[in-house]
>>> print(open('start_9.txt').read())   # compact mmCIF, C-alpha atoms and all ligand atoms
# COMPACT_ATOMS: atom_id res chain seq x y z
CA MET R 1 117.77 94.71 72.66
CA LEU R 2 119.74 94.44 75.92
CA LEU R 3 117.94 97.48 77.27
CA THR R 4 114.55 95.93 76.46
CA ILE R 5 115.50 92.75 78.31
CA LEU R 6 116.70 94.86 81.24
CA PHE R 7 113.34 96.69 81.32
CA GLY R 8 111.61 93.30 81.30
CA PHE R 9 113.75 92.07 84.17
CA ILE R 10 113.10 95.16 86.29
CA ALA R 11 109.34 94.85 85.69
CA ALA R 12 109.41 91.12 86.51
CA ALA R 13 111.51 91.79 89.63
CA ALA R 14 109.01 94.41 90.86
CA GLU R 15 106.27 91.84 90.35
CA ILE R 16 108.12 89.20 92.36
CA LEU R 17 108.90 91.79 95.05
CA GLY R 18 105.15 92.49 95.36
CA GLY R 19 104.55 88.76 95.82
CA PHE R 20 107.27 88.50 98.46
CA LEU R 21 105.78 91.39 100.46
CA ILE R 22 102.58 89.37 100.82
CA ILE R 23 104.28 86.06 101.48
CA MET R 24 106.63 87.54 104.08
CA LYS R 25 103.64 89.31 105.61
CA LYS R 26 105.47 92.60 105.47
CA GLU R 27 103.29 95.50 106.53
CA TRP R 28 102.15 97.03 103.26
CA PRO R 29 99.93 100.04 103.89
CA ARG R 30 96.75 99.85 101.84
CA LYS R 31 97.10 103.55 101.05
CA VAL R 32 100.44 103.08 99.27
CA GLN R 33 98.95 100.32 97.14
CA GLU R 34 95.95 102.49 96.23
CA TYR R 35 98.11 105.50 95.39
CA LEU R 36 100.35 103.41 93.14
CA ILE R 37 97.31 101.99 91.36
CA ALA R 38 95.84 105.48 90.91
CA LEU R 39 99.11 106.93 89.64
CA SER R 40 99.56 104.12 87.13
CA ALA R 41 95.91 104.33 85.98
CA GLY R 42 96.29 108.01 85.05
CA PHE R 43 99.67 107.40 83.45
CA ILE R 44 98.65 104.41 81.36
CA LEU R 45 95.39 105.97 80.13
CA ALA R 46 97.24 109.11 79.02
CA LEU R 47 99.83 106.90 77.34
CA VAL R 48 97.12 104.97 75.48
CA LEU R 49 95.30 108.09 74.29
CA PHE R 50 98.31 110.24 73.41
CA GLU R 51 100.71 107.61 72.06
CA LEU R 52 99.53 104.05 71.63
CA ILE R 53 96.25 104.61 69.74
CA PRO R 54 97.59 107.35 67.41
CA GLU R 55 100.79 105.37 66.68
CA SER R 56 98.86 102.15 66.05
CA LEU R 57 96.65 103.95 63.54
CA GLU R 58 99.72 105.41 61.89
CA LEU R 59 101.43 102.01 61.69
CA LEU R 60 98.49 99.94 60.46
CA GLY R 61 95.85 102.39 59.28
CA GLY R 62 92.21 101.46 59.85
CA THR R 63 92.96 97.79 60.59
CA ALA R 64 94.67 98.92 63.83
CA SER R 65 91.20 99.30 65.38
CA LEU R 66 90.55 95.60 64.86
CA TYR R 67 93.77 94.60 66.64
CA MET R 68 93.16 97.10 69.43
CA ILE R 69 89.72 95.69 70.20
CA VAL R 70 91.14 92.15 70.02
CA GLY R 71 93.81 93.14 72.59
CA PHE R 72 91.14 94.66 74.82
CA GLY R 73 88.87 91.65 74.34
CA LEU R 74 91.58 89.08 75.11
CA LEU R 75 92.17 90.54 78.56
CA HIS R 76 88.45 90.92 79.18
CA PHE R 77 87.98 87.29 78.22
CA PHE R 78 90.79 85.85 80.33
CA GLU R 79 90.39 88.12 83.36
CA HIS R 80 86.64 88.43 83.65
CA THR R 81 84.75 86.16 81.28
CA VAL R 82 86.17 82.76 82.15
CA VAL R 83 87.04 83.85 85.69
CA GLY R 84 84.43 84.11 88.40
CA HIS R 85 86.16 86.49 90.76
CA PHE R 86 89.12 88.63 89.86
CA HIS R 87 90.15 92.16 90.57
CA PHE R 88 93.39 94.02 90.84
CA GLY R 89 95.00 94.72 94.21
CA GLU R 90 95.40 92.66 97.34
CA GLU R 91 92.75 89.92 97.62
CA THR R 92 90.79 90.39 100.82
CA HIS R 93 87.61 88.45 99.94
CA HIS R 94 88.48 85.13 101.51
CA ASP R 95 84.84 84.02 101.30
CA VAL R 96 84.78 84.01 97.49
CA MET R 97 88.35 82.87 97.03
CA VAL R 98 88.25 79.46 98.59
CA SER R 99 88.55 76.98 95.75
CA PRO R 100 91.87 76.18 94.10
CA VAL R 101 90.04 76.37 90.76
CA ALA R 102 89.13 80.01 91.45
CA SER R 103 92.75 80.83 92.21
CA ILE R 104 94.04 79.00 89.13
CA SER R 105 91.62 80.77 86.80
CA ALA R 106 92.57 84.14 88.35
CA PHE R 107 96.20 83.17 87.88
CA THR R 108 95.57 82.44 84.19
CA GLY R 109 93.97 85.85 83.70
CA LEU R 110 96.87 87.61 85.35
CA PHE R 111 99.38 85.50 83.39
CA ILE R 112 97.91 86.71 80.07
CA HIS R 113 97.80 90.27 81.43
CA ALA R 114 101.51 90.11 82.43
CA PHE R 115 102.39 88.62 79.04
CA PHE R 116 100.87 91.72 77.40
CA ASP R 117 102.79 93.99 79.81
CA GLY R 118 106.01 92.48 78.45
CA LEU R 119 104.74 92.50 74.88
CA SER R 120 103.92 96.23 75.05
CA ILE R 121 107.34 97.18 76.45
CA SER R 122 109.08 95.18 73.75
CA ALA R 123 106.84 96.34 70.88
CA GLY R 124 107.25 99.93 72.11
CA MET R 125 111.03 99.59 72.14
CA GLU R 126 110.96 98.24 68.58
CA PHE R 127 108.98 101.32 67.61
CA ASN R 128 111.21 103.88 69.31
CA PHE R 129 113.07 104.36 72.56
CA SER R 130 110.96 107.15 74.03
CA ILE R 131 107.67 105.24 73.57
CA GLY R 132 109.34 102.10 74.91
CA LEU R 133 110.50 103.94 78.00
CA LEU R 134 107.06 105.49 78.60
CA ILE R 135 105.42 102.06 78.32
CA PHE R 136 108.04 100.67 80.71
CA ILE R 137 107.19 103.36 83.30
CA ALA R 138 103.46 102.65 82.89
CA VAL R 139 104.04 98.93 83.45
CA LEU R 140 106.52 99.35 86.30
CA LEU R 141 104.14 101.61 88.25
CA HIS R 142 101.54 98.84 88.57
CA LYS R 143 103.89 95.84 88.88
CA ILE R 144 104.24 95.81 92.69
CA PRO R 145 100.42 95.92 93.13
CA GLU R 146 100.25 93.15 90.51
CA GLY R 147 102.63 90.98 92.56
CA LEU R 148 100.51 91.69 95.66
CA THR R 149 97.44 90.63 93.67
CA ILE R 150 98.67 87.21 92.60
CA ALA R 151 100.32 86.22 95.90
CA SER R 152 97.30 87.30 97.94
CA ILE R 153 94.90 85.40 95.63
CA MET R 154 96.90 82.24 96.27
CA LEU R 155 96.92 82.73 100.04
CA ALA R 156 93.21 83.64 100.10
CA ALA R 157 92.54 80.33 98.31
CA LYS R 158 94.38 78.58 101.17
CA GLN R 159 97.24 77.57 98.92
CA PRO R 160 100.59 77.02 100.65
CA ARG R 161 103.05 79.90 100.71
CA LYS R 162 105.30 77.98 98.35
CA ASN R 163 102.57 78.05 95.67
CA ALA R 164 102.08 81.78 96.19
CA MET R 165 105.80 82.22 95.62
CA ILE R 166 105.79 80.06 92.48
CA ALA R 167 102.76 81.95 91.15
CA SER R 168 104.50 85.35 91.59
CA VAL R 169 107.61 84.10 89.83
CA ALA R 170 105.49 82.59 87.03
CA ILE R 171 103.75 85.94 86.44
CA GLY R 172 107.22 87.53 86.28
CA VAL R 173 108.20 84.91 83.70
CA ALA R 174 105.03 85.73 81.69
CA THR R 175 106.28 89.32 81.44
CA MET R 176 109.60 88.07 80.05
CA LEU R 177 107.78 85.78 77.58
CA GLY R 178 105.99 88.87 76.25
CA ILE R 179 109.35 90.62 75.85
CA PHE R 180 110.84 87.73 73.83
CA THR R 181 107.72 87.12 71.73
CA VAL R 182 108.24 90.46 69.99
CA TYR R 183 111.80 89.43 69.06
CA ILE R 184 110.58 86.21 67.55
CA LEU R 185 107.87 88.10 65.65
CA ALA R 186 110.35 90.74 64.49
CA SER R 187 112.69 88.10 63.09
CA VAL R 188 109.84 86.36 61.24
CA ASP R 189 108.03 89.35 59.81
CA SER R 190 108.53 93.02 60.64
CA LYS R 191 104.88 93.85 59.96
CA SER R 192 103.79 91.64 62.85
CA VAL R 193 105.51 94.02 65.30
CA GLY R 194 102.95 96.65 64.27
CA ILE R 195 100.19 94.16 65.03
CA ALA R 196 101.75 93.40 68.45
CA PHE R 197 101.89 97.15 69.07
CA ALA R 198 98.19 97.62 68.27
CA LEU R 199 97.20 94.54 70.31
CA SER R 200 99.11 95.89 73.29
CA ALA R 201 97.46 99.31 72.87
CA GLY R 202 94.08 97.60 73.35
CA ALA R 203 95.42 95.55 76.26
CA ALA R 204 96.89 98.67 77.94
CA LEU R 205 93.51 100.39 77.58
CA TYR R 206 91.94 97.44 79.38
CA VAL R 207 94.55 97.51 82.15
CA GLY R 208 93.98 101.23 82.78
CA ALA R 209 90.22 101.36 82.42
CA SER R 210 89.14 97.98 83.73
CA ASP R 211 91.88 96.67 86.05
CA LEU R 212 93.00 99.87 87.71
CA ILE R 213 90.14 102.44 87.63
CA PRO R 214 87.56 100.13 89.30
CA GLU R 215 89.97 99.62 92.22
CA ILE R 216 90.12 103.39 92.66
CA ASN R 217 86.33 103.73 92.51
CA ARG R 218 86.04 101.08 95.20
CA SER R 219 88.36 102.99 97.51
CA GLY R 220 86.89 104.85 100.46
CA ASN R 221 89.82 107.25 100.40
CA ARG R 222 88.87 110.56 98.71
CA ILE R 223 92.47 111.36 97.77
CA THR R 224 92.94 108.28 95.58
CA PRO R 225 90.74 109.49 92.66
CA ILE R 226 92.65 112.79 92.61
CA ILE R 227 95.95 110.94 92.22
CA VAL R 228 94.71 109.62 88.84
CA PHE R 229 95.15 113.18 87.53
CA GLY R 230 98.62 113.14 89.07
CA GLY R 231 99.35 110.08 86.92
CA MET R 232 98.22 111.94 83.79
CA LEU R 233 100.42 114.87 84.76
CA LEU R 234 103.34 112.52 85.41
CA PHE R 235 102.90 111.17 81.88
CA TYR R 236 102.99 114.68 80.43
CA ILE R 237 106.11 115.61 82.41
CA SER R 238 107.88 112.36 81.50
CA LYS R 239 107.08 112.86 77.82
CA GLN R 240 108.30 116.47 77.86
CA LEU R 241 111.49 115.49 79.70
CA MET R 242 112.14 112.69 77.27
CA GLU R 243 111.59 114.82 74.18
CA ASN R 244 113.87 117.54 75.51
CA LEU R 245 116.59 115.13 76.56
CA LEU R 246 116.48 113.04 73.41
CA LEU R 247 116.15 115.81 70.86
CA HIS R 248 118.78 118.20 72.23
ZN ZN S 1 88.34 89.73 95.91
ZN ZN S 2 100.34 94.46 84.53
>>> encode(input="start_9.txt", output="structure tokens", more="lines below")
Ligand SMILES: [Zn+2]
Ligand SMILES: [Zn+2]
Amino acid sequence: MLLTILFGFIAAAAEILGGFLIIMKKEWPRKVQEYLIALSAGFILALVLFELIPESLELLGGTASLYMIVGFGLLHFFEHTVVGHFHFGEETHHDVMVSPVASISAFTGLFIHAFFDGLSISAGMEFNFSIGLLIFIAVLLHKIPEGLTIASIMLAAKQPRKNAMIASVAIGVATMLGIFTVYILASVDSKSVGIAFALSAGAALYVGASDLIPEINRSGNRITPIIVFGGMLLFYISKQLMENLLLH
């Protein structure tokens, strides 16, 4: 349990760090952001296809599909159905991001997203350590870009720097809320952890395929799409390392 909370804290801290980089106007090369997004896209999609979907089906049988599509749908609803303009990565479209309402709705979408990041780490850790650790890596890889996203949305909407700071911290808190929700669920009914696991599988699929991949497709840099395969490879290596270290 302590380890899960630690993972949550590290992920939340990376998020807040991303926010600070924007607020402090630290030079943050666009390339690094793109490469991180590409690496985490490949990693998380491999994680979903090799671990999260098969394990969800094993835990819940056919009903897992229902929870997976609900998890996918929840993020789609909060990030792109009720929100006019939202995408992952640093917000550079100041023309469309002028109203406070636009920034608050984008914040809500990202809050739900971050909640599921925490929920997946925690549900994974309940399932077993190696899956928990793999989910943690997948989340951590995209947390700095996520912090950049929220802080830059706030600044693009002409919100004061203080609000950008509060928003980054709040998204970090959302991650922790996700972590603790699984504990509450686990103490109420152990079966609900399986449901949280399947929901987060669907949410992780959304993060990889709809938050991260479109940012890569938008990139003018030809190297970025190749790094997605690097992320898949990184998943494979991490999984092999983990199996060898844990089983021997
Ligand atoms: Zn934009
Ligand atoms: Zn995230």
>>> closest_atom_pairs(input="start_9.txt", of="chain R", to="ligand ZN 1 (chain S)", cutoff="7 Å", atoms="only C-alpha atoms and all ligand atoms", output="CSV")
residue,atom,partner,partner_atom,distance
R:His85,CA,S:ZN1,ZN,6.5
R:Phe86,CA,S:ZN1,ZN,6.2
R:His87,CA,S:ZN1,ZN,6.1
R:Glu91,CA,S:ZN1,ZN,4.7
R:Thr92,CA,S:ZN1,ZN,5.5
R:His93,CA,S:ZN1,ZN,4.3
R:Val96,CA,S:ZN1,ZN,6.9
R:Met97,CA,S:ZN1,ZN,7.0
>>> residues_near_ligand(input="start_9.txt", ligand="ligand ZN 2 (chain S)", cutoff="10 Å", atoms="all atoms listed in the file", output="ChimeraX atom specification")
/R:11-12,15,88,110-118,138-147,171-172,175,203-204,207-208,211-212
>>> residues_around(input="start_9.txt", residues="Arg222 in chain R", least_positions_apart="4", cutoff="12 Å", atoms="only C-alpha atoms", output="CSV table (one decimal) with C-alpha atoms, in the frame of the given file")
chain,number,residue,atom,x,y,z
R,31,LYS,CA,97.1,103.6,101.0
R,34,GLU,CA,96.0,102.5,96.2
R,35,TYR,CA,98.1,105.5,95.4
R,38,ALA,CA,95.8,105.5,90.9
R,216,ILE,CA,90.1,103.4,92.7
R,217,ASN,CA,86.3,103.7,92.5
R,218,ARG,CA,86.0,101.1,95.2
R,226,ILE,CA,92.6,112.8,92.6
R,227,ILE,CA,96.0,110.9,92.2
R,228,VAL,CA,94.7,109.6,88.8
>>> closest_residue(input="start_9.txt", among="R:Met125, R:Ala102, R:Val193, R:Ile179", to="Lys158 in chain R", atoms="only C-alpha atoms")
R:Ala102
>>> closest_residue(input="start_9.txt", among="R:Phe197, R:Phe235, R:Phe50, R:Phe129", to="Tyr67 in chain R", atoms="all atoms listed in the file")
R:Phe197
>>> decode(input="start_9.txt", residues="range 84-142 of chain R", atoms="C-alpha atoms", output="CSV table (one decimal), in the first residue's frame")
chain,number,residue,atom,x,y,z
R,84,GLY,CA,-14.8,22.7,-27.2
R,85,HIS,CA,-11.0,22.7,-27.5
R,86,PHE,CA,-8.7,20.3,-25.8
R,87,HIS,CA,-5.6,18.5,-26.8
R,88,PHE,CA,-2.6,17.1,-25.0
R,89,GLY,CA,0.7,19.0,-24.9
R,90,GLU,CA,1.5,22.6,-24.5
R,91,GLU,CA,-1.4,24.9,-25.5
R,92,THR,CA,-0.2,27.2,-28.2
R,93,HIS,CA,-3.6,28.2,-29.7
R,94,HIS,CA,-4.2,31.4,-27.9
R,95,ASP,CA,-6.9,32.4,-30.3
R,96,VAL,CA,-9.2,29.6,-29.3
R,97,MET,CA,-8.3,29.5,-25.7
R,98,VAL,CA,-9.4,32.9,-24.5
R,99,SER,CA,-12.5,32.4,-22.3
R,100,PRO,CA,-12.1,31.2,-18.7
R,101,VAL,CA,-15.0,28.8,-19.4
R,102,ALA,CA,-12.9,27.1,-22.1
R,103,SER,CA,-10.0,26.7,-19.7
R,104,ILE,CA,-12.3,25.4,-16.9
R,105,SER,CA,-13.9,22.8,-19.1
R,106,ALA,CA,-10.4,21.7,-20.4
R,107,PHE,CA,-9.4,21.5,-16.7
R,108,THR,CA,-12.3,19.3,-15.9
R,109,GLY,CA,-11.4,16.9,-18.7
R,110,LEU,CA,-7.9,16.7,-17.6
R,111,PHE,CA,-8.9,16.2,-13.9
R,112,ILE,CA,-11.0,13.1,-14.8
R,113,HIS,CA,-8.1,11.9,-17.0
R,114,ALA,CA,-5.6,12.3,-14.1
R,115,PHE,CA,-8.1,10.6,-11.7
R,116,PHE,CA,-8.0,7.5,-14.0
R,117,ASP,CA,-4.2,7.6,-14.1
R,118,GLY,CA,-4.2,7.2,-10.4
R,119,LEU,CA,-7.0,4.7,-10.5
R,120,SER,CA,-5.1,2.5,-13.0
R,121,ILE,CA,-1.8,2.5,-10.9
R,122,SER,CA,-3.7,1.6,-7.8
R,123,ALA,CA,-5.9,-1.1,-9.4
R,124,GLY,CA,-2.8,-2.5,-11.1
R,125,MET,CA,-1.0,-2.7,-7.8
R,126,GLU,CA,-4.0,-4.5,-6.3
R,127,PHE,CA,-3.8,-7.0,-9.1
R,128,ASN,CA,0.0,-7.7,-8.9
R,129,PHE,CA,3.2,-5.7,-8.5
R,130,SER,CA,4.6,-6.2,-12.0
R,131,ILE,CA,1.4,-4.9,-13.7
R,132,GLY,CA,1.2,-2.1,-11.2
R,133,LEU,CA,4.8,-1.1,-11.9
R,134,LEU,CA,4.3,-1.2,-15.7
R,135,ILE,CA,1.2,1.0,-15.4
R,136,PHE,CA,3.2,3.4,-13.2
R,137,ILE,CA,5.9,3.7,-15.9
R,138,ALA,CA,3.2,4.3,-18.5
R,139,VAL,CA,1.6,7.1,-16.4
R,140,LEU,CA,4.9,8.6,-15.3
R,141,LEU,CA,6.1,8.9,-18.9
R,142,HIS,CA,3.3,11.3,-19.9
